[in-house]
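Q: Below are the structure tokens for one structure; questions will follow.
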Amino acid sequence: MIGTGILKGMAVTARNFVGSYFEKERLITVQYPEERSPLPENYRNFPILIYDGDDAQAGLRCVACKICEKECPPQCIYIVKSDDRKPDYMGKPQFYPKIFDIDISVCMSCQICVEVCPFEAIKMDKDFELSKRERFDSLLFRKQQLSKSNQYYHKIHPVEAEAVDKNLADAAAAAEAKKKAAAEAAAKAAAAKAAAAAQPSASPAAKAPTTS
Ligand code: SF4
Ligand code: SF4
């Protein structure tokens with residue numbers, strides 16, 4: 001019958017409207033900013049840089065490879081690579097960003113920088129209360145402002161951060177196992193070489209053919 005869908009829709013609206021006076025979960029609005037609805041795990045706003053440990057500079061995962069800078073569609077990332085190196089989470093010396101800026105007035109929250117980063121160094125923040133009076137400098141986020149601890153990342157994206165920690169731990173364990181296997185192989189080769197050098201060489205007389 002024509003109009004059945006409209007009547008059904010109105011019945012749902014009426015049920016939720018009346019029900020919202022009795023059941024809190026039927027209320028879809030909250031008294032913001034005093035009340036806040038929890039954000040879903042995969043909510044995202046602008047990128048942040050993750051660091052491990054307590055030191056934002058020493059623990060920064062970013063190695064300034066600039067892949068994210070190249071891939072960012074609106075080109076709102078600006079990176080300057082360091083001249084020296086610092087150890088990464090596996091103890092390997094790596095470059096780091098001397099400068100890492102993101103112009104959040106241009107960023108479109110596409111998350112491509114996160115997808116292309118091979119080092120789990122850049123992730124999406126959930127902070128959305130970022131309005132400023134000025135249009136330019138205050139919306140240019142610098143490295144210090146972008147750097148957030150892994151604990152903060154766990155707080156905003158617990159499931160994702162857990163998976164990332166596991167990937168990093170697996171990669172570190174695989175690298176350690178490879179290093180150990182290479183060291184064992186080198187030790188074995190050195191031992192074989194030393195054993196060969198210690199063998200007495202056969203005397204020329206013993207080798208000479210006998211005549212009858
Ligand atoms: S989220 Fe998208 S637009 Fe924003 S910095 Fe990353 S790649 Fe660029
Ligand atoms: S955030 Fe990732 S992709 Fe971007 S420069 Fe740093 S390590 Fe490279």
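Identifiers for the structure tokens are assigned positionally: chains receive A, B, ... in sequence, residues are indexed from 1 per chain, and ligands are indexed from 1 in the order shown.
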Within 12 Å of ligand 1, counting only C-alpha atoms and all ligand atoms: which residues, as number ranges by chain?
A: A: 44-49, 66-79, 100-117, 122-125, 140-141, 146
Q: Would you mind listing what lies within 9 Å of Glu120 (chain A) as a PyMOL selection string, with only C-alpha atoms counted and same-chain residues fewer than 6 positions away left out?
A: chain A and resi 50+61-62+114+164+168
Q: Since we have the selection now, will you write its residues out, keeping N, CA, C and O atoms, as a short mmCIF file (atom, residue, chain, number, x, y, z; two decimals), in the first residue's frame?
A:
```cif
data_model
loop_
_atom_site.label_atom_id
_atom_site.label_comp_id
_atom_site.auth_asym_id
_atom_site.auth_seq_id
_atom_site.Cartn_x
_atom_site.Cartn_y
_atom_site.Cartn_z
N ILE A 50 54.36 9.04 16.54
CA ILE A 50 54.44 8.21 17.76
C ILE A 50 55.89 8.05 18.21
O ILE A 50 56.77 7.84 17.39
N ARG A 61 59.69 7.28 16.32
CA ARG A 61 59.85 6.16 15.38
C ARG A 61 60.20 6.64 13.97
O ARG A 61 60.72 5.87 13.16
N CYS A 62 59.84 7.86 13.66
CA CYS A 62 60.04 8.38 12.30
C CYS A 62 61.53 8.40 11.95
O CYS A 62 62.35 8.86 12.74
N VAL A 114 49.56 7.41 6.91
CA VAL A 114 49.62 6.29 7.86
C VAL A 114 49.79 4.97 7.08
O VAL A 114 50.60 4.13 7.46
N VAL A 164 49.87 -3.14 16.38
CA VAL A 164 51.12 -2.50 15.94
C VAL A 164 52.27 -2.94 16.85
O VAL A 164 53.35 -3.30 16.38
N LEU A 168 55.70 -4.88 15.66
CA LEU A 168 57.05 -4.36 15.93
C LEU A 168 57.87 -5.38 16.73
O LEU A 168 59.05 -5.58 16.45
#
```
Q: Please determine, counting only C-alpha atoms and all ligand atoms, which residue among A:Lys24, A:His157, A:Lys81, A:Lys126 has the shortest atom-to-atom distance to ligand 2.
A: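 Nearest candidate to ligand 2 out of A:Lys24, A:His157, A:Lys81, A:Lys126: A:Lys81.
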Q: Would you please work out which residue, of A:Ala183, A:Val80, A:Ala177, A:Leu39, is nearest to ligand 2 when using only C-alpha atoms and all ligand atoms?
A: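 Comparing A:Ala183, A:Val80, A:Ala177, A:Leu39 against ligand 2, the winner is A:Val80.
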Q: Identify which of the residues A:Pro33, A:Pro87, A:Gly5, A:Pro200 lies closest to Gly59 (chain A), counting only C-alpha atoms when measuring atom-to-atom distances.
A: A:Pro87
Q: Which residue is closest to Asp84 (chain A)? Choose from A:Pro97, A:Gly53, A:Gly9, A:Pro118 and count only C-alpha atoms.
A: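 The closest residue to Asp84 (chain A) is A:Pro97.
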Q: Region 54-56 of chain A: which residues within 9 Å, counting only C-alpha atoms, same-chain residues fewer than 3 positions away excluded, as a list in words?
A: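 So the residues in contact are Ile50, Tyr51, Gly59, Leu60, Gln144, Ser147, Lys148 and Ser149 of chain A.
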Q: Would you output that residue set with C-alpha atoms, as an mmCIF file, in the first residue's frame?
A:
```cif
data_model
loop_
_atom_site.group_PDB
_atom_site.id
_atom_site.type_symbol
_atom_site.label_atom_id
_atom_site.label_comp_id
_atom_site.auth_asym_id
_atom_site.auth_seq_id
_atom_site.Cartn_x
_atom_site.Cartn_y
_atom_site.Cartn_z
ATOM 1 C CA ILE A 50 54.437 8.214 17.759
ATOM 2 C CA TYR A 51 57.420 7.853 20.074
ATOM 3 C CA GLY A 59 62.002 7.478 20.981
ATOM 4 C CA LEU A 60 60.529 8.992 17.824
ATOM 5 C CA GLN A 144 57.020 18.848 19.155
ATOM 6 C CA SER A 147 54.825 13.935 18.905
ATOM 7 C CA LYS A 148 52.649 11.690 21.091
ATOM 8 C CA SER A 149 53.651 8.723 23.239
#
```
Q: Give me the residues within 10 Å of region 160-162 of chain A as an mmCIF file with C-alpha atoms, in the first residue's frame, counting only C-alpha atoms and dropping any in the same chain fewer than 2 places off.
A:
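Here's the written file result29.cif:
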```
data_model
loop_
_atom_site.group_PDB
_atom_site.id
_atom_site.type_symbol
_atom_site.label_atom_id
_atom_site.label_comp_id
_atom_site.auth_asym_id
_atom_site.auth_seq_id
_atom_site.Cartn_x
_atom_site.Cartn_y
_atom_site.Cartn_z
ATOM 1 C CA GLU A 41 38.060 3.081 17.700
ATOM 2 C CA ASN A 42 38.495 3.996 14.032
ATOM 3 C CA GLU A 120 54.454 2.568 12.223
ATOM 4 C CA LYS A 123 49.014 7.538 13.194
ATOM 5 C CA ASN A 150 52.779 5.120 22.465
ATOM 6 C CA GLN A 151 50.711 5.151 25.688
ATOM 7 C CA TYR A 152 48.589 7.960 24.220
ATOM 8 C CA TYR A 153 48.205 5.932 21.006
ATOM 9 C CA HIS A 154 47.027 2.951 23.108
ATOM 10 C CA LYS A 155 44.508 5.193 24.820
ATOM 11 C CA ILE A 156 42.927 6.482 21.597
ATOM 12 C CA HIS A 157 43.192 3.342 19.397
ATOM 13 C CA PRO A 158 43.615 0.388 21.823
ATOM 14 C CA VAL A 164 51.119 -2.505 15.941
ATOM 15 C CA ASP A 165 53.082 -3.397 19.109
ATOM 16 C CA LYS A 166 52.880 -7.069 18.154
ATOM 17 C CA ASN A 167 54.111 -6.372 14.599
#
```
Q: Point out the residue among A:Ala169, A:Ala192, A:Ala121, A:Ala185 with the least atom-to-atom distance to ligand 2, counting only C-alpha atoms and all ligand atoms.
A: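 Counting only C-alpha atoms and all ligand atoms, the residue closest to ligand 2 is A:Ala121.
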Q: Give me, please, the distance in Å between CA of Leu139 (chain A) and atom 1 (S, counted along the ligand's line) of ligand 2, quoted to one decimal.
A: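 Interatomic distance here is 18.8 Å.
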Q: Please compute the CA of Ala175 (chain A)-atom 1 (S, counted along the ligand's line) of ligand 2 distance, one decimal, in Å.
A: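 We find that CA of Ala175 (chain A) and atom 1 (S, counted along the ligand's line) of ligand 2 lie 21.2 Å from each other.
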Q: Identify all residues of chain A in strand (DSSP E) (DSSP on the backbone) and supply them as number ranges by chain.
A: A: 47-51, 77-81, 86-87, 93-94, 97-103, 122-124, 140-141, 147-149
Q: Can you spit out the residues from that selection as a PDB file, in the first residue's frame, using N, CA and C atoms?
A:
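The result, stored in part-v9.pdb:
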```
ATOM      1  N   PRO A  47      46.987  13.645  11.656  1.00  0.00           N
ATOM      2  CA  PRO A  47      48.078  12.726  12.028  1.00  0.00           C
ATOM      3  C   PRO A  47      48.905  13.197  13.226  1.00  0.00           C
ATOM      4  N   ILE A  48      49.504  12.224  13.900  1.00  0.00           N
ATOM      5  CA  ILE A  48      50.455  12.485  14.995  1.00  0.00           C
ATOM      6  C   ILE A  48      51.666  11.577  14.786  1.00  0.00           C
ATOM      7  N   LEU A  49      52.776  11.920  15.411  1.00  0.00           N
ATOM      8  CA  LEU A  49      53.984  11.092  15.327  1.00  0.00           C
ATOM      9  C   LEU A  49      54.137  10.326  16.633  1.00  0.00           C
ATOM     10  N   ILE A  50      54.359   9.037  16.540  1.00  0.00           N
ATOM     11  CA  ILE A  50      54.437   8.214  17.759  1.00  0.00           C
ATOM     12  C   ILE A  50      55.885   8.053  18.211  1.00  0.00           C
ATOM     13  N   TYR A  51      56.093   8.167  19.526  1.00  0.00           N
ATOM     14  CA  TYR A  51      57.420   7.853  20.074  1.00  0.00           C
ATOM     15  C   TYR A  51      57.282   6.790  21.172  1.00  0.00           C
ATOM     16  N   ILE A  77      52.696  17.964   4.215  1.00  0.00           N
ATOM     17  CA  ILE A  77      53.752  17.529   5.152  1.00  0.00           C
ATOM     18  C   ILE A  77      55.086  18.113   4.672  1.00  0.00           C
ATOM     19  N   TYR A  78      55.863  18.605   5.633  1.00  0.00           N
ATOM     20  CA  TYR A  78      57.178  19.169   5.299  1.00  0.00           C
ATOM     21  C   TYR A  78      58.203  18.559   6.253  1.00  0.00           C
ATOM     22  N   ILE A  79      59.200  17.870   5.661  1.00  0.00           N
ATOM     23  CA  ILE A  79      60.207  17.165   6.489  1.00  0.00           C
ATOM     24  C   ILE A  79      61.614  17.592   6.087  1.00  0.00           C
ATOM     25  N   VAL A  80      62.453  17.796   7.102  1.00  0.00           N
ATOM     26  CA  VAL A  80      63.888  17.978   6.849  1.00  0.00           C
ATOM     27  C   VAL A  80      64.615  16.890   7.631  1.00  0.00           C
ATOM     28  N   LYS A  81      65.403  16.091   6.909  1.00  0.00           N
ATOM     29  CA  LYS A  81      66.120  14.969   7.522  1.00  0.00           C
ATOM     30  C   LYS A  81      67.315  15.442   8.348  1.00  0.00           C
ATOM     31  N   LYS A  86      70.331   8.294  15.005  1.00  0.00           N
ATOM     32  CA  LYS A  86      70.102   7.825  16.377  1.00  0.00           C
ATOM     33  C   LYS A  86      69.550   6.398  16.289  1.00  0.00           C
ATOM     34  N   PRO A  87      69.731   5.582  17.336  1.00  0.00           N
ATOM     35  CA  PRO A  87      69.249   4.202  17.246  1.00  0.00           C
ATOM     36  C   PRO A  87      67.722   4.120  17.220  1.00  0.00           C
ATOM     37  N   PRO A  93      71.078   2.290  13.795  1.00  0.00           N
ATOM     38  CA  PRO A  93      71.188   3.747  13.625  1.00  0.00           C
ATOM     39  C   PRO A  93      70.326   4.236  12.454  1.00  0.00           C
ATOM     40  N   GLN A  94      69.535   5.230  12.698  1.00  0.00           N
ATOM     41  CA  GLN A  94      68.614   5.745  11.665  1.00  0.00           C
ATOM     42  C   GLN A  94      68.612   7.272  11.699  1.00  0.00           C
ATOM     43  N   PRO A  97      63.704  13.082  11.800  1.00  0.00           N
ATOM     44  CA  PRO A  97      63.336  14.366  11.207  1.00  0.00           C
ATOM     45  C   PRO A  97      63.822  15.530  12.060  1.00  0.00           C
ATOM     46  N   LYS A  98      64.636  16.388  11.435  1.00  0.00           N
ATOM     47  CA  LYS A  98      65.076  17.610  12.124  1.00  0.00           C
ATOM     48  C   LYS A  98      63.849  18.538  12.206  1.00  0.00           C
ATOM     49  N   ILE A  99      63.102  18.552  11.125  1.00  0.00           N
ATOM     50  CA  ILE A  99      61.841  19.313  11.066  1.00  0.00           C
ATOM     51  C   ILE A  99      60.772  18.371  10.536  1.00  0.00           C
ATOM     52  N   PHE A 100      59.609  18.389  11.160  1.00  0.00           N
ATOM     53  CA  PHE A 100      58.452  17.631  10.660  1.00  0.00           C
ATOM     54  C   PHE A 100      57.223  18.488  10.941  1.00  0.00           C
ATOM     55  N   ASP A 101      56.676  19.104   9.907  1.00  0.00           N
ATOM     56  CA  ASP A 101      55.499  19.969  10.058  1.00  0.00           C
ATOM     57  C   ASP A 101      54.328  19.399   9.260  1.00  0.00           C
ATOM     58  N   ILE A 102      53.143  19.588   9.786  1.00  0.00           N
ATOM     59  CA  ILE A 102      51.933  19.265   9.017  1.00  0.00           C
ATOM     60  C   ILE A 102      51.009  20.474   9.086  1.00  0.00           C
ATOM     61  N   ASP A 103      50.583  20.946   7.925  1.00  0.00           N
ATOM     62  CA  ASP A 103      49.641  22.058   7.874  1.00  0.00           C
ATOM     63  C   ASP A 103      48.229  21.463   7.965  1.00  0.00           C
ATOM     64  N   ILE A 122      53.577   7.128  12.087  1.00  0.00           N
ATOM     65  CA  ILE A 122      52.573   8.189  12.003  1.00  0.00           C
ATOM     66  C   ILE A 122      51.187   7.548  12.086  1.00  0.00           C
ATOM     67  N   LYS A 123      50.357   8.089  12.961  1.00  0.00           N
ATOM     68  CA  LYS A 123      49.014   7.538  13.194  1.00  0.00           C
ATOM     69  C   LYS A 123      48.021   8.685  13.260  1.00  0.00           C
ATOM     70  N   MET A 124      46.741   8.348  13.264  1.00  0.00           N
ATOM     71  CA  MET A 124      45.730   9.400  13.264  1.00  0.00           C
ATOM     72  C   MET A 124      45.253   9.700  14.684  1.00  0.00           C
ATOM     73  N   LEU A 140      49.790  25.321  11.675  1.00  0.00           N
ATOM     74  CA  LEU A 140      50.950  24.573  11.194  1.00  0.00           C
ATOM     75  C   LEU A 140      51.525  23.836  12.399  1.00  0.00           C
ATOM     76  N   PHE A 141      51.278  22.537  12.484  1.00  0.00           N
ATOM     77  CA  PHE A 141      51.708  21.770  13.658  1.00  0.00           C
ATOM     78  C   PHE A 141      53.151  21.309  13.480  1.00  0.00           C
ATOM     79  N   SER A 147      54.291  15.130  18.238  1.00  0.00           N
ATOM     80  CA  SER A 147      54.825  13.935  18.905  1.00  0.00           C
ATOM     81  C   SER A 147      53.947  13.505  20.074  1.00  0.00           C
ATOM     82  N   LYS A 148      53.497  12.257  20.027  1.00  0.00           N
ATOM     83  CA  LYS A 148      52.649  11.690  21.091  1.00  0.00           C
ATOM     84  C   LYS A 148      53.201  10.313  21.469  1.00  0.00           C
ATOM     85  N   SER A 149      53.080   9.987  22.755  1.00  0.00           N
ATOM     86  CA  SER A 149      53.651   8.723  23.239  1.00  0.00           C
ATOM     87  C   SER A 149      52.829   7.518  22.770  1.00  0.00           C
TER      88      SER A 149
END
```
Q: Please, which residues of region 27-116 of chain A, numbered as in this document, come out alpha helix (DSSP H) from DSSP, as a PDB file with N, CA and C atoms, in the first residue's frame?
A:
```
ATOM      1  N   ILE A  67      58.539   9.229   2.751  1.00  0.00           N
ATOM      2  CA  ILE A  67      57.530   8.564   1.902  1.00  0.00           C
ATOM      3  C   ILE A  67      56.179   9.253   2.076  1.00  0.00           C
ATOM      4  N   CYS A  68      55.832   9.546   3.335  1.00  0.00           N
ATOM      5  CA  CYS A  68      54.532  10.191   3.586  1.00  0.00           C
ATOM      6  C   CYS A  68      54.469  11.570   2.942  1.00  0.00           C
ATOM      7  N   GLU A  69      55.587  12.289   2.972  1.00  0.00           N
ATOM      8  CA  GLU A  69      55.635  13.633   2.373  1.00  0.00           C
ATOM      9  C   GLU A  69      55.352  13.540   0.870  1.00  0.00           C
ATOM     10  N   LYS A  70      55.943  12.518   0.223  1.00  0.00           N
ATOM     11  CA  LYS A  70      55.748  12.361  -1.228  1.00  0.00           C
ATOM     12  C   LYS A  70      54.328  11.946  -1.552  1.00  0.00           C
ATOM     13  N   GLU A  71      53.742  11.080  -0.699  1.00  0.00           N
ATOM     14  CA  GLU A  71      52.429  10.496  -1.015  1.00  0.00           C
ATOM     15  C   GLU A  71      51.242  11.354  -0.568  1.00  0.00           C
ATOM     16  N   ILE A 112      46.420   8.528   4.235  1.00  0.00           N
ATOM     17  CA  ILE A 112      47.363   7.895   3.303  1.00  0.00           C
ATOM     18  C   ILE A 112      48.772   7.876   3.909  1.00  0.00           C
ATOM     19  N   CYS A 113      49.136   8.938   4.634  1.00  0.00           N
ATOM     20  CA  CYS A 113      50.461   8.977   5.278  1.00  0.00           C
ATOM     21  C   CYS A 113      50.637   7.783   6.217  1.00  0.00           C
ATOM     22  N   VAL A 114      49.563   7.414   6.912  1.00  0.00           N
ATOM     23  CA  VAL A 114      49.618   6.290   7.858  1.00  0.00           C
ATOM     24  C   VAL A 114      49.790   4.972   7.082  1.00  0.00           C
ATOM     25  N   GLU A 115      49.042   4.844   6.004  1.00  0.00           N
ATOM     26  CA  GLU A 115      49.077   3.605   5.222  1.00  0.00           C
ATOM     27  C   GLU A 115      50.450   3.357   4.604  1.00  0.00           C
ATOM     28  N   VAL A 116      51.131   4.425   4.178  1.00  0.00           N
ATOM     29  CA  VAL A 116      52.397   4.225   3.454  1.00  0.00           C
ATOM     30  C   VAL A 116      53.620   4.169   4.368  1.00  0.00           C
TER      31      VAL A 116
END
```
Q: Quick check, in Å to one decimal: how far apart do CA of Leu27 (chain A) and CA of Ala14 (chain A) lie?
A: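 One can read the CA of Leu27 (chain A) to CA of Ala14 (chain A) distance as 12.7 Å.
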Q: Between A:Tyr96, A:Phe22, A:Phe136, A:Tyr89, which is the closest to ligand 2 once you count only C-alpha atoms and all ligand atoms?
A: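 Nearest candidate to ligand 2 out of A:Tyr96, A:Phe22, A:Phe136, A:Tyr89: A:Tyr96.
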